[in-house]
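Asker: As input, take query07.csv (CSV, C-alpha atoms and all ligand atoms):
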chain,number,residue,atom,x,y,z
G,1,MET,CA,114.7,-32.1,-109.2
G,2,LEU,CA,112.7,-35.3,-109.4
G,3,ASP,CA,109.0,-35.3,-109.8
G,4,ASP,CA,108.2,-39.0,-110.2
G,5,PRO,CA,108.9,-41.0,-107.0
G,6,SER,CA,109.6,-44.1,-109.1
G,7,ASP,CA,112.7,-42.3,-110.4
G,8,ILE,CA,114.1,-42.0,-106.9
G,9,PRO,CA,116.4,-45.0,-106.6
G,10,PHE,CA,116.7,-45.3,-102.8
G,11,ARG,CA,117.6,-48.7,-101.5
G,12,VAL,CA,116.5,-50.0,-98.2
G,13,THR,CA,120.2,-50.3,-97.2
G,14,ASP,CA,120.5,-46.5,-97.6
G,15,PHE,CA,118.9,-46.1,-94.2
G,16,LYS,CA,122.1,-47.3,-92.7
G,17,GLN,CA,124.1,-44.4,-94.1
G,18,TRP,CA,121.3,-41.9,-93.3
G,19,VAL,CA,121.2,-42.9,-89.6
G,20,TYR,CA,125.0,-42.9,-89.4
G,21,CYS,CA,125.3,-39.4,-91.0
G,22,PRO,CA,122.9,-38.0,-93.6
G,23,ARG,CA,125.9,-36.5,-95.4
G,24,VAL,CA,127.3,-40.0,-96.1
G,25,LEU,CA,124.2,-40.8,-98.1
G,26,TYR,CA,124.5,-37.4,-99.9
G,27,TYR,CA,128.0,-38.4,-101.0
G,28,HIS,CA,126.9,-41.8,-102.0
G,29,TYR,CA,124.5,-40.3,-104.5
G,30,CYS,CA,126.6,-37.4,-105.7
G,31,LEU,CA,130.0,-39.2,-105.7
G,32,PRO,CA,129.2,-42.9,-106.2
G,33,ALA,CA,132.6,-43.6,-107.8
G,34,VAL,CA,134.5,-42.8,-104.7
G,35,ARG,CA,132.7,-45.2,-102.4
G,36,PRO,CA,134.8,-48.3,-101.9
G,37,VAL,CA,133.4,-51.8,-101.2
G,38,THR,CA,135.0,-52.4,-97.8
G,39,TYR,CA,135.9,-55.7,-96.3
G,40,LYS,CA,133.1,-55.3,-93.8
G,41,MET,CA,130.5,-54.9,-96.6
G,42,ARG,CA,131.7,-58.1,-98.3
G,43,ALA,CA,131.9,-60.0,-95.1
G,44,GLY,CA,128.3,-59.0,-94.2
G,45,SER,CA,127.0,-60.2,-97.5
G,46,GLU,CA,128.8,-63.5,-97.2
G,47,ALA,CA,127.6,-64.0,-93.7
G,48,GLY,CA,124.0,-63.5,-94.8
G,49,GLN,CA,124.4,-66.1,-97.5
G,50,HIS,CA,125.7,-68.6,-95.0
G,51,THR,CA,122.9,-67.9,-92.7
G,52,GLU,CA,120.3,-68.6,-95.4
G,53,GLU,CA,121.8,-72.1,-95.8
G,54,LEU,CA,121.7,-72.6,-92.0
G,55,GLU,CA,118.2,-71.2,-91.9
G,56,GLU,CA,117.0,-74.1,-94.1
G,57,ARG,CA,117.9,-76.5,-91.3
G,58,ARG,CA,116.7,-74.3,-88.5
G,59,SER,CA,113.4,-74.7,-86.8
G,60,LEU,CA,110.9,-71.8,-86.9
G,61,ARG,CA,110.9,-72.0,-83.1
G,62,VAL,CA,113.6,-69.3,-83.0
G,63,TYR,CA,110.8,-66.9,-84.2
G,64,GLY,CA,108.3,-68.4,-81.8
G,65,LEU,CA,106.5,-70.1,-84.7
G,66,THR,CA,105.4,-73.7,-85.2
G,67,SER,CA,104.7,-73.4,-88.9
G,68,GLY,CA,105.1,-71.0,-91.9
G,69,GLU,CA,106.5,-70.9,-95.4
G,70,ARG,CA,109.9,-69.3,-95.7
G,71,ARG,CA,110.7,-67.3,-98.8
G,72,TYR,CA,114.2,-66.0,-99.4
G,73,ASN,CA,115.5,-62.9,-101.1
G,74,VAL,CA,112.1,-61.4,-101.8
G,75,ALA,CA,112.5,-58.4,-104.2
G,76,LEU,CA,110.4,-55.5,-103.3
G,77,ALA,CA,109.9,-52.0,-104.7
G,78,SER,CA,107.5,-49.2,-104.0
G,79,ALA,CA,107.1,-46.2,-106.3
G,80,ARG,CA,105.0,-44.5,-103.6
G,81,LEU,CA,107.8,-44.8,-101.1
G,82,GLY,CA,110.6,-44.4,-103.7
G,83,LEU,CA,112.3,-47.4,-102.2
G,84,ARG,CA,113.5,-50.8,-103.4
G,85,GLY,CA,115.3,-53.7,-101.8
G,86,VAL,CA,115.5,-57.4,-101.2
G,87,ALA,CA,114.2,-58.8,-98.0
G,88,ASP,CA,116.5,-61.6,-96.7
G,89,MET,CA,113.5,-63.7,-95.8
G,90,VAL,CA,109.7,-63.5,-95.4
G,91,ILE,CA,107.7,-66.0,-93.3
G,92,ASP,CA,104.2,-66.5,-94.6
G,93,VAL,CA,102.1,-67.9,-91.8
G,94,ASP,CA,98.6,-69.3,-92.3
G,95,ALA,CA,97.2,-69.5,-88.8
G,96,GLY,CA,93.8,-71.0,-89.4
G,97,GLY,CA,92.9,-68.6,-92.3
G,98,ALA,CA,94.4,-65.6,-90.6
G,99,ARG,CA,97.5,-64.8,-92.7
G,100,GLU,CA,100.5,-63.2,-91.0
G,101,VAL,CA,103.5,-62.0,-93.1
G,102,ILE,CA,106.7,-61.5,-91.2
G,103,PRO,CA,109.9,-60.0,-92.7
G,104,VAL,CA,113.2,-61.2,-91.3
G,105,ASP,CA,116.6,-59.5,-91.9
G,106,PHE,CA,119.8,-61.4,-91.2
G,107,LYS,CA,122.5,-59.1,-89.6
G,108,ASP,CA,126.1,-59.8,-89.0
G,109,SER,CA,125.9,-57.8,-85.8
G,110,ASP,CA,125.3,-58.5,-82.1
G,111,GLN,CA,123.0,-55.4,-81.8
G,112,ALA,CA,119.7,-54.5,-83.3
G,113,GLY,CA,120.8,-51.0,-84.1
G,114,PRO,CA,118.3,-48.2,-85.2
G,115,HIS,CA,119.4,-48.4,-88.8
G,116,PHE,CA,118.6,-52.1,-88.9
G,117,VAL,CA,115.2,-51.4,-87.4
G,118,LEU,CA,114.4,-48.8,-90.0
G,119,GLN,CA,115.4,-51.2,-92.8
G,120,LEU,CA,113.0,-53.8,-91.3
G,121,VAL,CA,110.2,-51.2,-91.2
G,122,ALA,CA,110.9,-50.4,-94.8
G,123,TYR,CA,110.5,-54.1,-95.8
G,124,ALA,CA,107.3,-54.3,-93.8
G,125,LEU,CA,105.7,-51.3,-95.5
G,126,MET,CA,106.7,-52.5,-99.0
G,127,LEU,CA,105.3,-56.0,-98.2
G,128,GLU,CA,102.0,-54.4,-97.0
G,129,GLU,CA,101.8,-52.5,-100.3
G,130,ALA,CA,102.9,-55.4,-102.6
G,131,TRP,CA,101.1,-58.3,-100.9
G,132,GLY,CA,98.0,-56.4,-99.7
G,133,CYS,CA,98.5,-57.4,-96.1
G,134,SER,CA,99.1,-55.9,-92.7
G,135,VAL,CA,102.5,-56.5,-91.1
G,136,ARG,CA,102.6,-56.1,-87.4
G,137,ARG,CA,106.1,-57.4,-86.6
G,138,GLY,CA,109.4,-58.5,-88.0
G,139,PHE,CA,112.6,-60.0,-86.8
G,140,LEU,CA,116.3,-59.1,-86.9
G,141,TYR,CA,118.3,-62.3,-86.8
G,142,LEU,CA,121.7,-61.4,-85.2
G,143,ILE,CA,124.0,-63.9,-86.8
G,144,PRO,CA,126.9,-63.9,-84.2
G,145,LEU,CA,124.4,-64.4,-81.3
G,146,ARG,CA,122.2,-66.8,-83.3
G,147,ARG,CA,119.3,-64.9,-81.9
G,148,ALA,CA,116.1,-63.4,-83.4
G,149,GLU,CA,115.0,-60.0,-82.0
G,150,GLU,CA,111.4,-59.3,-82.5
G,151,VAL,CA,110.6,-55.7,-83.7
G,152,PRO,CA,107.0,-54.5,-83.5
G,153,ILE,CA,106.0,-52.6,-86.6
G,154,ASP,CA,104.0,-50.1,-84.6
G,155,ARG,CA,103.0,-46.4,-85.0
G,156,ARG,CA,106.2,-45.1,-83.3
G,157,LEU,CA,108.5,-46.9,-85.7
G,158,ARG,CA,106.3,-46.1,-88.7
G,159,THR,CA,106.6,-42.4,-87.8
G,160,ARG,CA,110.3,-42.7,-87.4
G,161,PHE,CA,110.6,-44.4,-90.7
G,162,ALA,CA,108.4,-41.7,-92.4
G,163,ASN,CA,110.6,-38.9,-90.9
G,164,ALA,CA,113.8,-40.5,-92.1
G,165,ARG,CA,112.4,-41.2,-95.6
G,166,ASP,CA,111.0,-37.7,-95.9
G,167,GLY,CA,114.4,-36.3,-95.0
G,168,MET,CA,116.1,-38.4,-97.6
G,169,MET,CA,113.6,-37.3,-100.2
G,170,ALA,CA,114.1,-33.7,-99.3
G,171,MET,CA,117.9,-34.1,-99.6
G,172,LEU,CA,117.5,-35.6,-103.1
G,173,ASN,CA,115.0,-33.1,-104.3
G,174,ARG,CA,116.9,-30.0,-103.3
G,175,GLU,CA,120.3,-31.7,-104.0
G,176,GLY,CA,121.6,-30.0,-100.9
G,177,MET,CA,124.3,-31.2,-98.6
G,178,PRO,CA,122.9,-32.0,-95.2
G,179,ALA,CA,124.6,-30.7,-92.1
G,180,PRO,CA,127.4,-32.8,-90.7
G,181,THR,CA,126.8,-35.2,-87.9
G,182,ALA,CA,127.0,-33.8,-84.4
G,183,GLN,CA,129.0,-36.8,-83.3
G,184,VAL,CA,132.5,-35.8,-84.4
G,185,ASN,CA,134.0,-39.2,-83.4
G,186,LYS,CA,132.2,-40.6,-86.5
G,187,CYS,CA,134.2,-38.2,-88.7
G,188,VAL,CA,137.5,-39.5,-87.4
G,189,VAL,CA,136.9,-42.9,-89.1
G,190,CYS,CA,134.8,-41.7,-92.0
G,191,GLU,CA,135.8,-42.6,-95.5
G,192,PHE,CA,134.4,-39.3,-96.7
G,193,ARG,CA,136.2,-37.1,-94.3
G,194,ARG,CA,138.4,-35.6,-97.0
G,195,PHE,CA,135.3,-34.2,-98.7
G,196,CYS,CA,134.0,-32.5,-95.5
G,197,ASN,CA,135.9,-29.3,-94.9
G,198,ASP,CA,133.8,-28.1,-92.1
G,199,VAL,CA,134.5,-30.9,-89.6
G,200,LEU,CA,137.6,-31.7,-87.5
Z,301,LIG,S1,133.2,-36.7,-92.2
Z,301,LIG,FE1,131.6,-36.6,-90.6
Z,301,LIG,S2,130.1,-35.1,-91.4
Z,301,LIG,FE2,131.4,-35.8,-93.2
Z,301,LIG,S3,130.3,-37.5,-94.0
Z,301,LIG,FE3,131.7,-38.4,-92.6
Z,301,LIG,S4,130.6,-38.6,-90.7
Z,301,LIG,FE4,129.4,-37.2,-92.0
Would you write out, as structure tokens, the structure that this file holds?
Ligand code: SF4
Answerer:
Amino acid sequence: MLDDPSDIPFRVTDFKQWVYCPRVLYYHYCLPAVRPVTYKMRAGSEAGQHTEELEERRSLRVYGLTSGERRYNVALASARLGLRGVADMVIDVDAGGAREVIPVDFKDSDQAGPHFVLQLVAYALMLEEAWGCSVRRGFLYLIPLRRAEEVPIDRRLRTRFANARDGMMAMLNREGMPAPTAQVNKCVVCEFRRFCNDVL
């Protein structure tokens, strides 16, 4: 049982597992030694690094902007949210005295999946807390497509984020195994299948 939210070491990337199957995240925290670093994870990291180099040469027009200061690998943490992570890039725009802060996440994917969206919302909320600003949008930069997808940080997504994060906190606090995913096809290729005796 954890009483202090700052003791809860959730990473923003944990939303990926939570959306895929909450039980995967449970295993990650309870059996961290069994989780291998897959080729896909390594490749994704390397792709993000390469994109940062390309980003330096790219115009901000891909984000619909004409000016702004780009900051890379912005470390963020929130004891209130019990979250920590590193935003790939933050664009700080000074539009005639009206500041806009825009998080950007580079993804080695051709789809802006729901787990990516939740991660972006997490960065937005941590930026709001750390920088004392309001974040109204972010971008998912899809590396294979060389395209930036704008994501509005609106009430609907904030609520979805809060529900996911509350579920993760509840799992950690009660240290209970969540129900298996209803999508059995995920179990077929899951690296944790041997620990789930109630599926397949
Ligand atoms: S085997 Fe299925 S239920 Fe178990 S962790 Fe994997 S996806 Fe989730």
Asker: What is the distance between CA of Pro114 (chain G) and CA of Tyr141 (chain G), in Å to one decimal?
Answerer: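 Between these atoms lies a distance of 14.2 Å.
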Asker: Which one is closest to ligand LIG 301 (chain Z): G:Arg61, G:Arg194, G:Arg80, G:Arg174? Count only C-alpha atoms and all ligand atoms.
Answerer: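 Checking each of G:Arg61, G:Arg194, G:Arg80, G:Arg174 against ligand LIG 301 (chain Z), counting only C-alpha atoms and all ligand atoms, the winner is G:Arg194.
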Asker: Which residues are near ligand LIG 301 (chain Z) in this structure, taking near to mean any atom at most 6 Å from a ligand atom and counting all atoms listed in the file? Format them as a PyMOL selection string.
Answerer: chain G and resi 21+23-24+180-181+186-187+190+192-193+196
Asker: Where does region 103-195 of chain G meet region 71-78 of chain G within 9 Å, residue by residue, with the nearest atom pair and distance in Å to one decimal for each, counting only C-alpha atoms, listed by chain and rising number, as a tab-separated table?
Answerer:
residue	atom	partner	partner_atom	distance
G:Tyr123	CA	G:Leu76	CA	7.6
G:Leu125	CA	G:Ser78	CA	8.9
G:Met126	CA	G:Ser78	CA	6.0
G:Leu127	CA	G:Leu76	CA	7.2
G:Glu129	CA	G:Ser78	CA	7.6
G:Ala130	CA	G:Leu76	CA	7.5
Asker: Pick from G:Glu100, G:Asp166, G:Asp110, G:Asp154: nearest to Leu65 (chain G), with all atoms listed in the file counted?
Answerer: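 Of G:Glu100, G:Asp166, G:Asp110, G:Asp154, the one nearest Leu65 (chain G) is G:Glu100, counting all atoms listed in the file.
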Asker: Using all atoms listed in the file, which of G:Val12, G:Ala95, G:Met89, G:Ala170 sits nearest Phe116 (chain G)?
Answerer: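 Looking at the shortest contact to Phe116 (chain G), the residue is G:Val12.
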Asker: Just checking: using only C-alpha atoms, which residue out of G:Arg70, G:Asn173, G:Ala124, G:Tyr63 ends up closest to Glu150 (chain G)?
Answerer: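 Ranking G:Arg70, G:Asn173, G:Ala124, G:Tyr63 by distance to Glu150 (chain G), first place goes to G:Tyr63.
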Asker: Skip Arg147 (chain G) itself and residues of its chain fewer than 6 positions away, then list as a list in words all residues within 12 Å of it, counting all atoms listed in the file.
Answerer: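 What passes the distance filter is Thr51, Glu55, Arg58, Leu60, Arg61, Val62, Tyr63, Gly64, Val104, Asp105, Phe106, Lys107, Asp108, Ser109, Asp110, Gln111, Ala112, Phe139, Leu140 and Tyr141 of chain G.
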Asker: Given all atoms listed in the file as the basis, pick out the residue of G:Leu172, G:Arg155, G:Ala148, G:Val93 nearest to Cys133 (chain G).
Answerer: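 Residue with the minimum atom-to-atom distance to Cys133 (chain G): G:Val93.
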Asker: Rank G:Ala179, G:Ala122, G:Glu128, G:Arg84 by their smallest atom-to-atom distance to Arg165 (chain G), using all atoms listed in the file, and report the top residue only.
Answerer: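 Counting all atoms listed in the file, the residue closest to Arg165 (chain G) is G:Ala122.
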Asker: What is the CA of Arg137 (chain G)-CA of Ile102 (chain G) distance in Å, reported with one decimal?
Answerer: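 Separation of CA of Arg137 (chain G) and CA of Ile102 (chain G): 6.2 Å.
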Asker: Go ahead and compute the interatomic distance for CA of Pro178 (chain G) and CA of Phe161 (chain G), in Å to one decimal.
Answerer: 18.0 Å
